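Working notes, beginning with the structure itself.
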Amino acid sequence: MALIYVACRSDAEALMHDLVVRSLKLACRLPRPLRDALSAIAGTVAWAVAAQPRRNVTSNVKQVLRHFSGEPRALHVQHIARRVFRRCISNYLELFALPRLAKEEILGRIDVVGQEHFEQAIAQGGGVIIASAHLGPFEYLPSWMPARGFEMTIPVERMEDRQMLGMMLQARLSNGVTFVPLTGFAAIRTMVRTLRKRQVVLITADRAVEGQSTVVSFFGAPARLPIGPVDLAIMTGAPLIGGFGWCRGRRDIIEFAPISLALPVQQRADRAALQAALVDQLERAIGTHVDEWVVFEPIWQY
């Protein structure tokens with residue numbers, strides 16, 4: 001909800017946001033079926049009142065669908081956009097519920113696809129870089145790693161909403177994950193140190209926020225995406241894999257996909273080849289689950 005709030009702030013919306021924050025603290029204590037029902041209602045309301053984020057999501061969804069099957073029907077785009085807002089609310093409720101879940105409960109609700117790709121990467125002995133997207137129940141991937149005995153470092157963007165930031169950090173830190181500011185040499189040093197300890201760094205790669213980026217063809221149109229995952233892989237020699245999440249009924253899915261190790265050895269340090277392989281995985285994952293792609297900023301502006 002914070003993403004929606006930042007994108008369309010006004011006095012009325014600020015008041016609504018205050019109510020949402022208070023409600024989240026109570027709603028995350030509900031059983032999961034009730035949280036799902038609440039997400040559907042609150043997400044639909046957010047879709048109706050947040051005009052600019054709704055336009056951004058609609059535009060993003062339309063570009064993804066257009067890339068695969070031509071110009072989509074307006075009602076179909078609208079339906080998917082509403083589902084994106086519902087997923088956003090659901091993600092926050094799941095995040096704030098995490099501190100009350102035991103490790104066994106977290107692992108018990110997750111199905112892992114392509115785990116052999118993660119194991120192949122970790123077997124290289126130099127840590128693993130996971131490139132992810134704002135897709136599905138994102139917090140379950142950072143929860144799965146510590147529950148399996150791995151340390152994880154995630155660079156995150158700055159957030160103006162201090163109240164929401166505090167709640168998010170409290171919930172996330174309970175999972176044993178290290179979060180560092182997205183910019184500056186301190187973040188790079190922390191990520192390199194994590195990889196040297198043969199642990200895991202996770203970077204979202206579907207939206208350029210801060211730091212170095214490049215314009216690439218993304219779903220058939222120019223878009224600016226971060227180059228950080230690729231540069232970090234080349235600098236450290238650590239394998240780069242994709243790590244994505246989505247829902248399948250009542251189950252939460254984590255999927256790992258090969259990126260650098262799927263390339264010929266001579267291309268694994270080639271910036272253009274590695275970025276192209278990363279974009280291919282982003283397009284595949286987002287294109288398959290566009291209704292769970294929780295991005296409220298316009299991606300295509302070029």
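In the structure tokens, each chain is lettered A, B, ... as it comes, each chain's residues begin at 1, and ligands are numbered from 1 in order of appearance.
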
So which residues of range 50-160 of chain A fall under alpha helix (DSSP H) by DSSP, listed as number ranges by chain?
A: 51-69, 74-97, 103-108, 115-122, 140-147

Give me, as CSV, the closest atom pair and its distance (Å, one decimal) for every residue of range 61-156 of chain A within a cut-off of 8 Å of range 181-201 of chain A, counting only C-alpha atoms, rows sorted by chain and rising number.
```
residue,atom,partner,partner_atom,distance
A:Ile122,CA,A:Arg198,CA,7.5
A:Gly125,CA,A:Arg198,CA,6.1
A:Gly126,CA,A:Arg198,CA,4.9
A:Gly127,CA,A:Arg198,CA,3.7
A:Val128,CA,A:Val200,CA,4.9
A:Ile129,CA,A:Val201,CA,4.9
A:Ile130,CA,A:Val201,CA,6.1
A:Phe150,CA,A:Gln199,CA,6.1
A:Glu151,CA,A:Gln199,CA,5.5
A:Met152,CA,A:Val200,CA,4.8
A:Thr153,CA,A:Val201,CA,4.8
A:Ile154,CA,A:Val201,CA,5.9
A:Pro155,CA,A:Leu182,CA,4.6
A:Val156,CA,A:Leu182,CA,4.9
```

For a quick check of understanding, using only C-alpha atoms, which of A:Ala81, A:Ala221, A:Ile286, A:Ala208 has the smallest distance to Ala48 in chain A?
A:Ala81

Please provide as a list of chain:residue names all residues within 12 Å of Gly70 in chain A, with the sequence filter that same-chain residues fewer than 5 positions apart are discarded (counting only C-alpha atoms).
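Here the answer would be A:Lys62, A:Gln63, A:Val64, A:Leu65, A:Phe219, A:Gly220.
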
Residue list (strand (DSSP E or B), DSSP) for range 206-283 of chain A, as a PyMOL selection string:
chain A and resi 213-218+221-226+240-248+251-258

Take the selection from the previous step and output its residues with N, CA, C and O atoms, as an mmCIF file, in the first residue's frame.
```cif
data_model
loop_
_atom_site.group_PDB
_atom_site.id
_atom_site.type_symbol
_atom_site.label_atom_id
_atom_site.label_comp_id
_atom_site.auth_asym_id
_atom_site.auth_seq_id
_atom_site.Cartn_x
_atom_site.Cartn_y
_atom_site.Cartn_z
ATOM 1 N N SER A 213 21.950 2.052 -14.405
ATOM 2 C CA SER A 213 20.899 1.388 -15.166
ATOM 3 C C SER A 213 21.209 1.523 -16.650
ATOM 4 O O SER A 213 22.109 2.254 -17.057
ATOM 5 N N THR A 214 20.454 0.813 -17.448
ATOM 6 C CA THR A 214 20.638 0.861 -18.892
ATOM 7 C C THR A 214 19.287 0.701 -19.573
ATOM 8 O O THR A 214 18.372 0.072 -19.014
ATOM 9 N N VAL A 215 19.149 1.274 -20.768
ATOM 10 C CA VAL A 215 17.915 1.129 -21.537
ATOM 11 C C VAL A 215 18.032 -0.107 -22.413
ATOM 12 O O VAL A 215 18.983 -0.249 -23.187
ATOM 13 N N VAL A 216 17.076 -1.006 -22.268
ATOM 14 C CA VAL A 216 17.074 -2.260 -23.030
ATOM 15 C C VAL A 216 15.681 -2.482 -23.609
ATOM 16 O O VAL A 216 14.711 -1.819 -23.214
ATOM 17 N N SER A 217 15.587 -3.409 -24.520
ATOM 18 C CA SER A 217 14.270 -3.829 -25.022
ATOM 19 C C SER A 217 13.650 -4.767 -23.990
ATOM 20 O O SER A 217 14.208 -5.811 -23.664
ATOM 21 N N PHE A 218 12.485 -4.374 -23.488
ATOM 22 C CA PHE A 218 11.805 -5.115 -22.427
ATOM 23 C C PHE A 218 10.354 -5.268 -22.841
ATOM 24 O O PHE A 218 9.638 -4.284 -22.978
ATOM 25 N N ALA A 221 9.681 -3.076 -26.046
ATOM 26 C CA ALA A 221 9.770 -1.614 -26.056
ATOM 27 C C ALA A 221 10.919 -1.181 -25.149
ATOM 28 O O ALA A 221 11.271 -1.895 -24.203
ATOM 29 N N PRO A 222 11.527 -0.003 -25.408
ATOM 30 C CA PRO A 222 12.660 0.442 -24.587
ATOM 31 C C PRO A 222 12.223 0.729 -23.150
ATOM 32 O O PRO A 222 11.210 1.388 -22.910
ATOM 33 N N ALA A 223 13.003 0.216 -22.202
ATOM 34 C CA ALA A 223 12.744 0.451 -20.781
ATOM 35 C C ALA A 223 14.087 0.530 -20.066
ATOM 36 O O ALA A 223 15.065 -0.095 -20.474
ATOM 37 N N ARG A 224 14.135 1.312 -18.995
ATOM 38 C CA ARG A 224 15.367 1.439 -18.211
ATOM 39 C C ARG A 224 15.322 0.435 -17.064
ATOM 40 O O ARG A 224 14.430 0.468 -16.231
ATOM 41 N N LEU A 225 16.323 -0.460 -17.040
ATOM 42 C CA LEU A 225 16.415 -1.482 -16.016
ATOM 43 C C LEU A 225 17.775 -1.394 -15.325
ATOM 44 O O LEU A 225 18.753 -0.935 -15.920
ATOM 45 N N PRO A 226 17.868 -1.846 -14.081
ATOM 46 C CA PRO A 226 19.150 -1.790 -13.362
ATOM 47 C C PRO A 226 20.179 -2.740 -13.968
ATOM 48 O O PRO A 226 19.845 -3.819 -14.447
ATOM 49 N N LEU A 240 24.875 -15.838 -11.407
ATOM 50 C CA LEU A 240 23.633 -15.062 -11.387
ATOM 51 C C LEU A 240 22.495 -15.978 -11.796
ATOM 52 O O LEU A 240 22.549 -16.616 -12.853
ATOM 53 N N ILE A 241 21.469 -16.085 -10.935
ATOM 54 C CA ILE A 241 20.287 -16.889 -11.260
ATOM 55 C C ILE A 241 19.043 -16.029 -11.075
ATOM 56 O O ILE A 241 19.085 -14.971 -10.441
ATOM 57 N N GLY A 242 17.938 -16.481 -11.620
ATOM 58 C CA GLY A 242 16.658 -15.822 -11.392
ATOM 59 C C GLY A 242 15.946 -16.466 -10.221
ATOM 60 O O GLY A 242 16.046 -17.686 -10.009
ATOM 61 N N GLY A 243 15.246 -15.649 -9.435
ATOM 62 C CA GLY A 243 14.451 -16.160 -8.330
ATOM 63 C C GLY A 243 13.133 -15.416 -8.264
ATOM 64 O O GLY A 243 13.119 -14.208 -8.043
ATOM 65 N N PHE A 244 12.019 -16.114 -8.483
ATOM 66 C CA PHE A 244 10.716 -15.465 -8.609
ATOM 67 C C PHE A 244 9.680 -16.187 -7.756
ATOM 68 O O PHE A 244 9.834 -17.365 -7.432
ATOM 69 N N GLY A 245 8.627 -15.471 -7.404
ATOM 70 C CA GLY A 245 7.566 -16.070 -6.610
ATOM 71 C C GLY A 245 6.194 -15.745 -7.173
ATOM 72 O O GLY A 245 6.002 -14.705 -7.804
ATOM 73 N N TRP A 246 5.260 -16.639 -6.962
ATOM 74 C CA TRP A 246 3.874 -16.373 -7.312
ATOM 75 C C TRP A 246 2.991 -17.328 -6.513
ATOM 76 O O TRP A 246 3.477 -18.195 -5.793
ATOM 77 N N CYS A 247 1.682 -17.166 -6.627
ATOM 78 C CA CYS A 247 0.732 -18.016 -5.904
ATOM 79 C C CYS A 247 0.100 -19.023 -6.849
ATOM 80 O O CYS A 247 -0.175 -18.715 -8.016
ATOM 81 N N ARG A 248 -0.146 -20.214 -6.319
ATOM 82 C CA ARG A 248 -0.894 -21.242 -7.045
ATOM 83 C C ARG A 248 -1.937 -21.781 -6.084
ATOM 84 O O ARG A 248 -1.659 -22.672 -5.281
ATOM 85 N N ARG A 251 -1.043 -22.342 -2.335
ATOM 86 C CA ARG A 251 0.381 -22.601 -2.223
ATOM 87 C C ARG A 251 1.182 -21.401 -2.733
ATOM 88 O O ARG A 251 0.757 -20.695 -3.654
ATOM 89 N N ASP A 252 2.336 -21.155 -2.113
ATOM 90 C CA ASP A 252 3.254 -20.118 -2.561
ATOM 91 C C ASP A 252 4.405 -20.798 -3.286
ATOM 92 O O ASP A 252 5.011 -21.745 -2.776
ATOM 93 N N ILE A 253 4.697 -20.322 -4.486
ATOM 94 C CA ILE A 253 5.699 -20.950 -5.340
ATOM 95 C C ILE A 253 6.945 -20.077 -5.397
ATOM 96 O O ILE A 253 6.863 -18.858 -5.567
ATOM 97 N N ILE A 254 8.106 -20.696 -5.234
ATOM 98 C CA ILE A 254 9.395 -20.063 -5.506
ATOM 99 C C ILE A 254 10.022 -20.804 -6.679
ATOM 100 O O ILE A 254 10.090 -22.038 -6.673
ATOM 101 N N GLU A 255 10.447 -20.050 -7.679
ATOM 102 C CA GLU A 255 11.090 -20.666 -8.842
ATOM 103 C C GLU A 255 12.486 -20.103 -9.029
ATOM 104 O O GLU A 255 12.681 -18.890 -9.023
ATOM 105 N N PHE A 256 13.459 -20.986 -9.190
ATOM 106 C CA PHE A 256 14.813 -20.589 -9.549
ATOM 107 C C PHE A 256 15.045 -20.925 -11.015
ATOM 108 O O PHE A 256 14.603 -21.972 -11.505
ATOM 109 N N ALA A 257 15.762 -20.020 -11.709
ATOM 110 C CA ALA A 257 16.028 -20.224 -13.130
ATOM 111 C C ALA A 257 17.480 -19.878 -13.425
ATOM 112 O O ALA A 257 17.997 -18.885 -12.896
ATOM 113 N N PRO A 258 18.162 -20.647 -14.262
ATOM 114 C CA PRO A 258 19.570 -20.363 -14.556
ATOM 115 C C PRO A 258 19.712 -19.136 -15.451
ATOM 116 O O PRO A 258 18.887 -18.913 -16.343
#
```

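Restricting the calculation to only C-alpha atoms, the smallest distance between Ala147 in chain A and any of A:Val180, A:Ser132, A:Leu107, A:Thr58 is found for A:Leu107.
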
What is the CA of Arg32 in chain A to CA of Leu95 in chain A distance in Å?
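According to the coordinates, CA of Arg32 in chain A and CA of Leu95 in chain A are separated by 12.0 Å.
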
Please list as a PDB file with N, CA and C atoms, in the first residue's frame every residue within 9 Å of Ala205 in chain A, counting only C-alpha atoms and excluding residues in the same chain fewer than 5 positions away.
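Written out: part-v6.pdb:
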```
ATOM      1  N   ALA A 131      18.649 -12.534  -9.082  1.00  0.00           N
ATOM      2  CA  ALA A 131      17.919 -11.421  -9.683  1.00  0.00           C
ATOM      3  C   ALA A 131      16.436 -11.750  -9.619  1.00  0.00           C
ATOM      4  N   SER A 132      15.654 -10.855  -9.018  1.00  0.00           N
ATOM      5  CA  SER A 132      14.232 -11.123  -8.829  1.00  0.00           C
ATOM      6  C   SER A 132      13.409  -9.991  -9.419  1.00  0.00           C
ATOM      7  N   ALA A 133      12.112 -10.049  -9.177  1.00  0.00           N
ATOM      8  CA  ALA A 133      11.177  -9.029  -9.652  1.00  0.00           C
ATOM      9  C   ALA A 133      10.139  -8.787  -8.569  1.00  0.00           C
ATOM     10  N   HIS A 134       9.420  -7.678  -8.687  1.00  0.00           N
ATOM     11  CA  HIS A 134       8.332  -7.379  -7.750  1.00  0.00           C
ATOM     12  C   HIS A 134       7.128  -8.231  -8.161  1.00  0.00           C
ATOM     13  N   LEU A 225      16.323  -0.460 -17.040  1.00  0.00           N
ATOM     14  CA  LEU A 225      16.415  -1.482 -16.016  1.00  0.00           C
ATOM     15  C   LEU A 225      17.775  -1.394 -15.325  1.00  0.00           C
ATOM     16  N   PRO A 226      17.868  -1.846 -14.081  1.00  0.00           N
ATOM     17  CA  PRO A 226      19.150  -1.790 -13.362  1.00  0.00           C
ATOM     18  C   PRO A 226      20.179  -2.740 -13.968  1.00  0.00           C
ATOM     19  N   ILE A 227      21.434  -2.315 -13.942  1.00  0.00           N
ATOM     20  CA  ILE A 227      22.533  -3.133 -14.431  1.00  0.00           C
ATOM     21  C   ILE A 227      23.298  -3.767 -13.271  1.00  0.00           C
ATOM     22  N   GLY A 228      22.906  -3.433 -12.024  1.00  0.00           N
ATOM     23  CA  GLY A 228      23.622  -3.880 -10.836  1.00  0.00           C
ATOM     24  C   GLY A 228      23.829  -5.382 -10.731  1.00  0.00           C
ATOM     25  N   PRO A 229      22.790  -6.213 -10.937  1.00  0.00           N
ATOM     26  CA  PRO A 229      22.995  -7.661 -10.813  1.00  0.00           C
ATOM     27  C   PRO A 229      24.065  -8.192 -11.768  1.00  0.00           C
ATOM     28  N   LEU A 278      19.281 -12.161 -18.522  1.00  0.00           N
ATOM     29  CA  LEU A 278      18.473 -11.733 -17.377  1.00  0.00           C
ATOM     30  C   LEU A 278      17.118 -11.209 -17.835  1.00  0.00           C
ATOM     31  N   VAL A 279      17.112 -10.376 -18.874  1.00  0.00           N
ATOM     32  CA  VAL A 279      15.848  -9.837 -19.384  1.00  0.00           C
ATOM     33  C   VAL A 279      14.938 -10.959 -19.875  1.00  0.00           C
ATOM     34  N   LEU A 282      13.254 -12.379 -16.857  1.00  0.00           N
ATOM     35  CA  LEU A 282      12.262 -11.440 -16.337  1.00  0.00           C
ATOM     36  C   LEU A 282      10.998 -11.478 -17.190  1.00  0.00           C
TER      37      LEU A 282
END
```

Do a neighbour search on Pro142 in chain A at 8 Å with only C-alpha atoms, toss out local chain neighbours closer than 4 positions, and write the hits as an MDAnalysis selection string.
chainID A and resid 138 146 152 175 177
